[in-house]
Amino acid sequence: MIEQPKMVKICDVIEESAGVKTFFFKANLDFVPGQFIMVWIPLIDEKPFTISYIQQDIMGISVLRCGAFTTALHKKKVGDLIGIRGPYGEGFDLQTGSNVCVAGGGIGMASLATLVDRLSAATVLHGARTASEIIYQKRFQGMKLCTDDGSVGFRGTTVDLLRELLKTQTFERVYTCGPEKMMYKVVELCKNHGIDCEVSLDRYMKCGFGICGQCDCSGQRVCIEGPVFNTAELNTMNDFGKITILKTGERVNIHSTASRNEVLLY
Ligand SMILES: Cc1cc2nc3c(=O)[nH]c(=O)nc-3n(C[C@H](O)[C@H](O)[C@H](O)COP(=O)(O)OP(=O)(O)OC[C@H]3O[C@@H](n4cnc5c(N)ncnc54)[C@H](O)[C@@H]3O)c2cc1C
Ligand code: FES
């Protein structure tokens, strides 16, 4: 049976950075970090977002404004209603030791935020193009930052910063979310160091529960088998880092598309 969206009232809105707002609402979902919910704005559309905050019975989604849907969401105020259904998908594997790294690029940090809450001893890296695009700086005080322009933290990308760290230390596992080209490089770097990764993939989604095929990545439905995949699974997925599927269904080379992350964040 298709789950109907449940309408929830926005109870708080905070600005995380120049282009990112977090919307809080009352909900008590059984959510595993890495899963996602479908958010519905009546008469506009429905899109996947991860839960980025869990505070007892209040949950939050952090949204980068980059297109029609997210612009409409950014106009929402306290008291407005949005529809939610889910959570869906497979989240991160939390059965791990404490020596792990969480590496987020741009808005990808939202998908990792509740994971960081759970893995309190993790080394956390967050990269953006410039200081004003960094999110959660106060929330995760020990977070190591990097920016392309060097305006805060290490000058370089998240991959560059991880490469630097791996010169002197290692990790049991690296969790990552961000632009797919970045995640591909993180996985390749970690393979060279014998470190397993867990990656949260972003594919255009329509149904969110496995029937439309829109979110296919080499035969895996990102909304059901993913969005989190590990290195062994990614090794069998030739589309990872190479091919994505547009809203029209057209398969395109990831390197030839201007993804939302690159438009604003990388
Ligand atoms: C599992 C999952 C979790 C997500 N969690 C979050 C989250 O926590 N916060 C958040 O801000 N966003 C998240 N997203 C992305 C979100 O669902 C929207 O797709 C995105 O914000 C674009 O919204 P839009 O309709 O406003 O922009 P659109 O008009 O759809 O797109 C704006 C621009 O981005 C490009 N674009 C859109 N989608 C993709 C894509 N999948 N790959 C490459 N380029 C694309 C478009 O071509 C266009 O250039 C998540 C996506 C997935 C699959
Ligand atoms: S979004 Fe429809 S199958 Fe995944």
# chains A, B, ... in the order shown; residues from 1 in each chain; ligands from 1

call {"tool": "residues_near_ligand", "arguments": {"ligand": "ligand 2", "cutoff": "12 Å", "atoms": "only C-alpha atoms and all ligand atoms", "output": "PDB file with C-alpha atoms, in the first residue's frame"}}
result
ATOM      1  CA  PHE A  36      15.669   9.717   4.005  1.00  0.00           C
ATOM      2  CA  ILE A  37      12.095  10.975   4.018  1.00  0.00           C
ATOM      3  CA  MET A  38      10.006  12.263   1.095  1.00  0.00           C
ATOM      4  CA  GLU A  46       7.844  15.800  -3.563  1.00  0.00           C
ATOM      5  CA  LYS A  47      11.603  15.306  -2.973  1.00  0.00           C
ATOM      6  CA  PRO A  48      13.908  13.244  -0.738  1.00  0.00           C
ATOM      7  CA  TYR A  88      12.984   4.964   3.515  1.00  0.00           C
ATOM      8  CA  GLY A  89      16.141   3.193   2.408  1.00  0.00           C
ATOM      9  CA  LEU A 201      24.376   8.339  -3.025  1.00  0.00           C
ATOM     10  CA  ASP A 202      22.165  11.061  -4.489  1.00  0.00           C
ATOM     11  CA  ARG A 203      19.962  10.097  -7.412  1.00  0.00           C
ATOM     12  CA  TYR A 204      16.885  11.887  -8.737  1.00  0.00           C
ATOM     13  CA  MET A 205      13.927  10.154  -7.040  1.00  0.00           C
ATOM     14  CA  LYS A 206      10.249  10.043  -7.904  1.00  0.00           C
ATOM     15  CA  CYS A 207       8.447   7.368  -5.859  1.00  0.00           C
ATOM     16  CA  GLY A 208      11.035   6.838  -3.114  1.00  0.00           C
ATOM     17  CA  PHE A 209       9.966   3.229  -2.517  1.00  0.00           C
ATOM     18  CA  GLY A 210      11.210   1.120  -5.384  1.00  0.00           C
ATOM     19  CA  ILE A 211       8.597   1.122  -8.144  1.00  0.00           C
ATOM     20  CA  CYS A 212       9.487   3.786 -10.724  1.00  0.00           C
ATOM     21  CA  GLY A 213      13.127   2.874 -11.460  1.00  0.00           C
ATOM     22  CA  GLN A 214      14.163   6.534 -11.642  1.00  0.00           C
ATOM     23  CA  CYS A 215      16.915   6.178  -9.033  1.00  0.00           C
ATOM     24  CA  ASP A 216      18.714   3.223 -10.678  1.00  0.00           C
ATOM     25  CA  CYS A 217      22.480   2.965 -10.272  1.00  0.00           C
ATOM     26  CA  GLY A 219      20.714  -2.197 -11.198  1.00  0.00           C
ATOM     27  CA  GLN A 220      20.533  -1.017  -7.591  1.00  0.00           C
ATOM     28  CA  ARG A 221      17.587   1.152  -6.586  1.00  0.00           C
ATOM     29  CA  VAL A 222      19.134   3.938  -4.560  1.00  0.00           C
ATOM     30  CA  CYS A 223      15.833   4.422  -2.668  1.00  0.00           C
ATOM     31  CA  ILE A 224      15.624   0.751  -1.569  1.00  0.00           C
ATOM     32  CA  GLU A 225      19.052  -0.911  -1.627  1.00  0.00           C
ATOM     33  CA  GLY A 226      20.653   2.485  -0.841  1.00  0.00           C
ATOM     34  CA  PRO A 227      21.099   5.359  -0.488  1.00  0.00           C
ATOM     35  CA  ILE A 245      19.716   9.625 -14.668  1.00  0.00           C
ATOM     36  CA  LEU A 246      17.986  12.941 -15.299  1.00  0.00           C
ATOM     37  CA  LYS A 247      14.342  13.666 -14.388  1.00  0.00           C
ATOM     38  CA  GLY A 249      14.952   9.330 -17.665  1.00  0.00           C
TER      39      GLY A 249
END

call {"tool": "select_by_dssp", "arguments": {"residues": "segment 82-246 of chain A", "states": "strand (DSSP E or B)", "output": "mmCIF file with N, CA and C atoms, in the first residue's frame"}}
result
data_model
loop_
_atom_site.group_PDB
_atom_site.id
_atom_site.type_symbol
_atom_site.label_atom_id
_atom_site.label_comp_id
_atom_site.auth_asym_id
_atom_site.auth_seq_id
_atom_site.Cartn_x
_atom_site.Cartn_y
_atom_site.Cartn_z
ATOM 1 N N ILE A 82 4.032 21.037 5.861
ATOM 2 C CA ILE A 82 4.630 20.255 4.768
ATOM 3 C C ILE A 82 4.215 18.797 4.981
ATOM 4 N N GLY A 83 4.232 18.022 3.893
ATOM 5 C CA GLY A 83 3.899 16.597 4.016
ATOM 6 C C GLY A 83 5.179 15.778 4.116
ATOM 7 N N ILE A 84 5.168 14.751 4.945
ATOM 8 C CA ILE A 84 6.336 13.857 5.008
ATOM 9 C C ILE A 84 5.858 12.402 4.956
ATOM 10 N N ARG A 85 6.641 11.552 4.328
ATOM 11 C CA ARG A 85 6.428 10.106 4.428
ATOM 12 C C ARG A 85 7.788 9.433 4.504
ATOM 13 N N GLY A 86 7.828 8.271 5.097
ATOM 14 C CA GLY A 86 9.077 7.564 5.301
ATOM 15 C C GLY A 86 9.300 7.317 6.787
ATOM 16 N N PRO A 87 10.493 7.001 7.224
ATOM 17 C CA PRO A 87 11.754 6.989 6.474
ATOM 18 C C PRO A 87 11.874 5.801 5.538
ATOM 19 N N TYR A 88 12.735 5.983 4.536
ATOM 20 C CA TYR A 88 12.984 4.964 3.515
ATOM 21 C C TYR A 88 14.482 4.677 3.394
ATOM 22 N N GLU A 90 18.155 2.175 3.137
ATOM 23 C CA GLU A 90 19.105 1.563 4.079
ATOM 24 C C GLU A 90 20.069 2.634 4.562
ATOM 25 N N VAL A 100 36.853 6.139 13.386
ATOM 26 C CA VAL A 100 36.248 6.290 12.057
ATOM 27 C C VAL A 100 36.291 7.756 11.648
ATOM 28 N N CYS A 101 36.149 7.966 10.349
ATOM 29 C CA CYS A 101 36.147 9.328 9.817
ATOM 30 C C CYS A 101 34.823 9.571 9.093
ATOM 31 N N VAL A 102 34.285 10.761 9.279
ATOM 32 C CA VAL A 102 33.058 11.167 8.592
ATOM 33 C C VAL A 102 33.432 12.367 7.731
ATOM 34 N N ALA A 103 33.286 12.239 6.407
ATOM 35 C CA ALA A 103 33.779 13.278 5.495
ATOM 36 C C ALA A 103 32.637 13.815 4.642
ATOM 37 N N GLY A 104 32.264 15.081 4.888
ATOM 38 C CA GLY A 104 31.126 15.664 4.177
ATOM 39 C C GLY A 104 31.545 16.800 3.265
ATOM 40 N N GLY A 105 31.015 16.786 2.049
ATOM 41 C CA GLY A 105 31.241 17.882 1.110
ATOM 42 C C GLY A 105 29.946 18.647 0.919
ATOM 43 N N THR A 123 36.355 11.312 13.714
ATOM 44 C CA THR A 123 37.030 12.478 13.126
ATOM 45 C C THR A 123 36.101 13.001 12.038
ATOM 46 N N VAL A 124 35.735 14.277 12.145
ATOM 47 C CA VAL A 124 34.739 14.827 11.211
ATOM 48 C C VAL A 124 35.399 15.874 10.315
ATOM 49 N N LEU A 125 35.283 15.690 9.006
ATOM 50 C CA LEU A 125 35.804 16.644 8.023
ATOM 51 C C LEU A 125 34.622 17.257 7.275
ATOM 52 N N HIS A 126 34.693 18.553 7.067
ATOM 53 C CA HIS A 126 33.631 19.205 6.285
ATOM 54 C C HIS A 126 34.258 20.226 5.339
ATOM 55 N N GLY A 127 33.985 20.053 4.058
ATOM 56 C CA GLY A 127 34.530 20.960 3.061
ATOM 57 C C GLY A 127 33.442 21.726 2.334
ATOM 58 N N ALA A 128 33.808 22.930 1.891
ATOM 59 C CA ALA A 128 32.899 23.753 1.093
ATOM 60 C C ALA A 128 33.760 24.653 0.208
ATOM 61 N N LYS A 144 36.976 19.328 11.496
ATOM 62 C CA LYS A 144 38.087 19.890 10.720
ATOM 63 C C LYS A 144 37.521 20.442 9.415
ATOM 64 N N LEU A 145 37.809 21.722 9.165
ATOM 65 C CA LEU A 145 37.201 22.386 8.006
ATOM 66 C C LEU A 145 38.197 22.537 6.872
ATOM 67 N N CYS A 146 37.660 22.580 5.666
ATOM 68 C CA CYS A 146 38.498 22.934 4.515
ATOM 69 C C CYS A 146 37.644 23.700 3.511
ATOM 70 N N THR A 147 38.291 24.620 2.819
ATOM 71 C CA THR A 147 37.588 25.409 1.796
ATOM 72 C C THR A 147 38.481 25.540 0.572
ATOM 73 N N PHE A 154 41.714 24.288 6.298
ATOM 74 C CA PHE A 154 42.692 23.829 5.310
ATOM 75 C C PHE A 154 42.295 24.328 3.914
ATOM 76 N N ARG A 155 43.257 24.767 3.119
ATOM 77 C CA ARG A 155 42.925 25.192 1.754
ATOM 78 C C ARG A 155 42.952 23.959 0.839
ATOM 79 N N ARG A 173 37.058 2.923 9.110
ATOM 80 C CA ARG A 173 36.053 3.126 8.069
ATOM 81 C C ARG A 173 35.905 4.619 7.812
ATOM 82 N N VAL A 174 35.576 4.971 6.578
ATOM 83 C CA VAL A 174 35.277 6.366 6.247
ATOM 84 C C VAL A 174 33.842 6.425 5.721
ATOM 85 N N TYR A 175 33.033 7.263 6.342
ATOM 86 C CA TYR A 175 31.660 7.521 5.885
ATOM 87 C C TYR A 175 31.677 8.829 5.102
ATOM 88 N N THR A 176 31.024 8.866 3.948
ATOM 89 C CA THR A 176 31.079 10.105 3.183
ATOM 90 C C THR A 176 29.772 10.408 2.458
ATOM 91 N N CYS A 177 29.530 11.712 2.276
ATOM 92 C CA CYS A 177 28.410 12.176 1.461
ATOM 93 C C CYS A 177 28.779 13.558 0.924
ATOM 94 N N ASP A 196 37.700 0.663 4.261
ATOM 95 C CA ASP A 196 36.349 0.537 3.703
ATOM 96 C C ASP A 196 35.581 1.838 3.844
ATOM 97 N N CYS A 197 34.728 2.087 2.872
ATOM 98 C CA CYS A 197 33.898 3.304 2.904
ATOM 99 C C CYS A 197 32.422 2.956 2.943
ATOM 100 N N GLU A 198 31.636 3.883 3.448
ATOM 101 C CA GLU A 198 30.182 3.865 3.274
ATOM 102 C C GLU A 198 29.808 5.211 2.677
ATOM 103 N N VAL A 199 29.069 5.157 1.579
ATOM 104 C CA VAL A 199 28.796 6.334 0.764
ATOM 105 C C VAL A 199 27.289 6.518 0.655
ATOM 106 N N SER A 200 26.807 7.753 0.834
ATOM 107 C CA SER A 200 25.374 7.999 0.625
ATOM 108 C C SER A 200 25.176 8.636 -0.739
ATOM 109 N N ASP A 216 17.809 4.348 -10.401
ATOM 110 C CA ASP A 216 18.714 3.223 -10.678
ATOM 111 C C ASP A 216 20.194 3.642 -10.722
ATOM 112 N N CYS A 217 21.025 2.815 -10.123
ATOM 113 C CA CYS A 217 22.480 2.965 -10.272
ATOM 114 C C CYS A 217 23.016 1.547 -10.468
ATOM 115 N N GLN A 220 20.914 -1.212 -9.000
ATOM 116 C CA GLN A 220 20.533 -1.017 -7.591
ATOM 117 C C GLN A 220 19.587 0.167 -7.513
ATOM 118 N N ARG A 221 18.472 0.007 -6.803
ATOM 119 C CA ARG A 221 17.587 1.152 -6.586
ATOM 120 C C ARG A 221 18.109 1.922 -5.379
ATOM 121 N N PRO A 227 20.050 4.631 0.249
ATOM 122 C CA PRO A 227 21.099 5.359 -0.488
ATOM 123 C C PRO A 227 22.525 5.064 -0.043
ATOM 124 N N VAL A 228 22.690 4.297 1.070
ATOM 125 C CA VAL A 228 24.052 4.042 1.538
ATOM 126 C C VAL A 228 24.565 2.736 0.928
ATOM 127 N N PHE A 229 25.738 2.801 0.336
ATOM 128 C CA PHE A 229 26.399 1.617 -0.227
ATOM 129 C C PHE A 229 27.828 1.563 0.305
ATOM 130 N N ASN A 230 28.330 0.330 0.486
ATOM 131 C CA ASN A 230 29.718 0.209 0.961
ATOM 132 C C ASN A 230 30.661 -0.068 -0.210
ATOM 133 N N ILE A 243 27.752 7.788 -14.212
ATOM 134 C CA ILE A 243 26.463 7.987 -14.897
ATOM 135 C C ILE A 243 25.374 8.329 -13.889
ATOM 136 N N THR A 244 24.531 9.298 -14.246
ATOM 137 C CA THR A 244 23.336 9.551 -13.447
ATOM 138 C C THR A 244 22.128 9.604 -14.392
ATOM 139 N N ILE A 245 20.931 9.622 -13.835
ATOM 140 C CA ILE A 245 19.716 9.625 -14.668
ATOM 141 C C ILE A 245 18.945 10.906 -14.390
#

call {"tool": "closest_atom_pairs", "arguments": {"of": "chain A", "to": "ligand 1", "cutoff": "6 Å", "atoms": "only C-alpha atoms and all ligand atoms", "output": "Markdown table"}}
result
| residue | atom | partner | partner_atom_place_in_ligand_line | distance |
| --- | --- | --- | --- | --- |
| A:Phe36 | CA | ligand 1 | 1 (C) | 5.3 |
| A:Lys47 | CA | ligand 1 | 17 (O) | 4.6 |
| A:Pro48 | CA | ligand 1 | 17 (O) | 4.0 |
| A:Phe49 | CA | ligand 1 | 5 (N) | 3.4 |
| A:Thr50 | CA | ligand 1 | 8 (O) | 4.1 |
| A:Ile61 | CA | ligand 1 | 8 (O) | 5.9 |
| A:Ser62 | CA | ligand 1 | 9 (N) | 5.2 |
| A:Val63 | CA | ligand 1 | 11 (O) | 3.5 |
| A:Leu64 | CA | ligand 1 | 11 (O) | 3.8 |
| A:Cys66 | CA | ligand 1 | 32 (C) | 4.9 |
| A:Gly67 | CA | ligand 1 | 26 (O) | 3.2 |
| A:Ala68 | CA | ligand 1 | 26 (O) | 4.5 |
| A:Phe69 | CA | ligand 1 | 26 (O) | 3.8 |
| A:Thr70 | CA | ligand 1 | 26 (O) | 3.6 |
| A:Thr71 | CA | ligand 1 | 26 (O) | 6.0 |
| A:Ala110 | CA | ligand 1 | 8 (O) | 5.1 |
| A:Ser111 | CA | ligand 1 | 8 (O) | 5.6 |
| A:Asp202 | CA | ligand 1 | 53 (C) | 3.9 |
| A:Arg203 | CA | ligand 1 | 41 (N) | 4.0 |
| A:Tyr204 | CA | ligand 1 | 41 (N) | 4.1 |
| A:Pro227 | CA | ligand 1 | 1 (C) | 5.5 |
| A:Ala258 | CA | ligand 1 | 49 (O) | 5.8 |
| A:Ser259 | CA | ligand 1 | 44 (N) | 3.5 |
| A:Arg260 | CA | ligand 1 | 34 (O) | 3.4 |

call {"tool": "closest_residue", "arguments": {"among": "A:Asn238, A:Gln169, A:Ile44, A:Tyr53", "to": "Ile195 of chain A", "atoms": "only C-alpha atoms"}}
result
A:Gln169

call {"tool": "residues_around", "arguments": {"residues": "segment 9-23 of chain A", "least_positions_apart": "3", "cutoff": "10 Å", "atoms": "only C-alpha atoms", "output": "JSON, numbers by chain"}}
result
{"A": [26, 27, 51, 52, 53, 58, 59, 60, 61, 62, 63, 64, 65, 66, 70, 71, 73, 74, 76, 77, 78, 79, 80, 81, 82, 83, 106, 107, 110, 131, 132, 133, 134, 135, 136, 137, 138, 264, 265]}

call {"tool": "write_last_selection", "arguments": {"atoms": "C-alpha atoms", "output": "compact mmCIF listing (two decimals), in the first residue's frame"}}
result
# COMPACT_ATOMS: atom_id res chain seq x y z
CA LYS A 26 7.27 17.53 15.46
CA ALA A 27 7.72 13.88 14.46
CA ILE A 51 16.76 13.98 8.71
CA SER A 52 19.62 16.17 9.93
CA TYR A 53 18.49 16.75 13.54
CA ILE A 58 11.45 17.25 17.11
CA MET A 59 13.18 16.44 13.82
CA GLY A 60 14.82 18.72 11.27
CA ILE A 61 15.77 18.74 7.60
CA SER A 62 18.56 20.98 6.30
CA VAL A 63 17.85 22.23 2.80
CA LEU A 64 20.17 23.80 0.23
CA ARG A 65 18.25 26.22 -1.99
CA CYS A 66 19.14 25.27 -5.56
CA THR A 70 13.96 24.00 -2.52
CA THR A 71 13.19 27.68 -3.26
CA LEU A 73 10.65 25.22 0.80
CA HIS A 74 12.90 28.12 1.78
CA LYS A 76 8.09 28.30 4.36
CA LYS A 77 7.69 29.89 7.78
CA VAL A 78 6.92 28.70 11.32
CA GLY A 79 3.30 27.46 11.32
CA ASP A 80 3.29 26.37 7.65
CA LEU A 81 2.54 22.73 6.78
CA ILE A 82 4.63 20.25 4.77
CA GLY A 83 3.90 16.60 4.02
CA GLY A 106 28.78 20.80 0.98
CA ILE A 107 25.16 19.92 1.76
CA ALA A 110 23.34 17.07 6.30
CA ALA A 131 33.61 29.92 4.65
CA SER A 132 30.01 31.17 4.25
CA GLU A 133 28.93 27.75 2.92
CA ILE A 134 30.15 25.78 5.96
CA ILE A 135 27.28 24.34 8.03
CA TYR A 136 27.01 23.08 11.63
CA GLN A 137 30.22 24.86 12.72
CA LYS A 138 28.90 25.51 16.26
CA LEU A 264 26.45 26.17 -5.19
CA LEU A 265 28.84 24.16 -3.18

call {"tool": "residues_around", "arguments": {"residues": "Gly97 of chain A", "least_positions_apart": "4", "cutoff": "12 Å", "atoms": "only C-alpha atoms", "output": "list in words"}}
result
Asp93, Cys101, Arg118, Leu119, Ser120, Ala121, Ala122, Phe171, Glu172, Arg173 and Val174 of chain A

call {"tool": "write_last_selection", "arguments": {"atoms": "N, CA and C atoms", "output": "mmCIF file, in the first residue's frame"}}
result
data_model
loop_
_atom_site.group_PDB
_atom_site.id
_atom_site.type_symbol
_atom_site.label_atom_id
_atom_site.label_comp_id
_atom_site.auth_asym_id
_atom_site.auth_seq_id
_atom_site.Cartn_x
_atom_site.Cartn_y
_atom_site.Cartn_z
ATOM 1 N N ASP A 93 25.884 1.664 8.400
ATOM 2 C CA ASP A 93 26.173 0.589 9.349
ATOM 3 C C ASP A 93 26.827 1.222 10.577
ATOM 4 N N CYS A 101 36.149 7.966 10.349
ATOM 5 C CA CYS A 101 36.147 9.328 9.817
ATOM 6 C C CYS A 101 34.823 9.571 9.093
ATOM 7 N N ARG A 118 25.702 10.189 16.595
ATOM 8 C CA ARG A 118 25.782 8.824 17.150
ATOM 9 C C ARG A 118 27.225 8.381 17.395
ATOM 10 N N LEU A 119 28.156 8.802 16.496
ATOM 11 C CA LEU A 119 29.556 8.366 16.606
ATOM 12 C C LEU A 119 30.355 9.506 17.218
ATOM 13 N N SER A 120 30.223 9.688 18.507
ATOM 14 C CA SER A 120 30.746 10.919 19.119
ATOM 15 C C SER A 120 32.262 11.048 19.010
ATOM 16 N N ALA A 121 32.998 9.920 18.838
ATOM 17 C CA ALA A 121 34.468 10.018 18.799
ATOM 18 C C ALA A 121 35.011 10.130 17.371
ATOM 19 N N ALA A 122 34.140 10.218 16.379
ATOM 20 C CA ALA A 122 34.609 10.215 14.988
ATOM 21 C C ALA A 122 35.411 11.471 14.646
ATOM 22 N N PHE A 171 42.049 4.922 9.509
ATOM 23 C CA PHE A 171 40.705 4.779 10.070
ATOM 24 C C PHE A 171 40.181 3.385 9.767
ATOM 25 N N GLU A 172 39.285 2.906 10.646
ATOM 26 C CA GLU A 172 38.634 1.618 10.370
ATOM 27 C C GLU A 172 37.670 1.755 9.196
ATOM 28 N N ARG A 173 37.058 2.923 9.110
ATOM 29 C CA ARG A 173 36.053 3.126 8.069
ATOM 30 C C ARG A 173 35.905 4.619 7.812
ATOM 31 N N VAL A 174 35.576 4.971 6.578
ATOM 32 C CA VAL A 174 35.277 6.366 6.247
ATOM 33 C C VAL A 174 33.842 6.425 5.721
#

call {"tool": "select_by_dssp", "arguments": {"residues": "segment 125-240 of chain A", "states": "helix (DSSP H, G or I)", "output": "list of chain:residue names"}}
result
A:Ala131, A:Ser132, A:Glu133, A:Thr158, A:Val159, A:Asp160, A:Leu161, A:Leu162, A:Arg163, A:Glu164, A:Leu165, A:Glu180, A:Lys181, A:Met182, A:Met183, A:Tyr184, A:Lys185, A:Val186, A:Val187, A:Glu188, A:Leu189, A:Cys190, A:Lys191, A:Asn192, A:Thr231, A:Ala232, A:Glu233, A:Leu234

call {"tool": "closest_residue", "arguments": {"among": "A:Ile41, A:Met7, A:Val159, A:Leu166", "to": "Lys185 of chain A", "atoms": "only C-alpha atoms"}}
result
A:Val159

call {"tool": "atom_distance", "arguments": {"atom1": "atom CA of Glu188 of chain A", "atom2": "atom CA of His255 of chain A"}}
result
16.8 Å
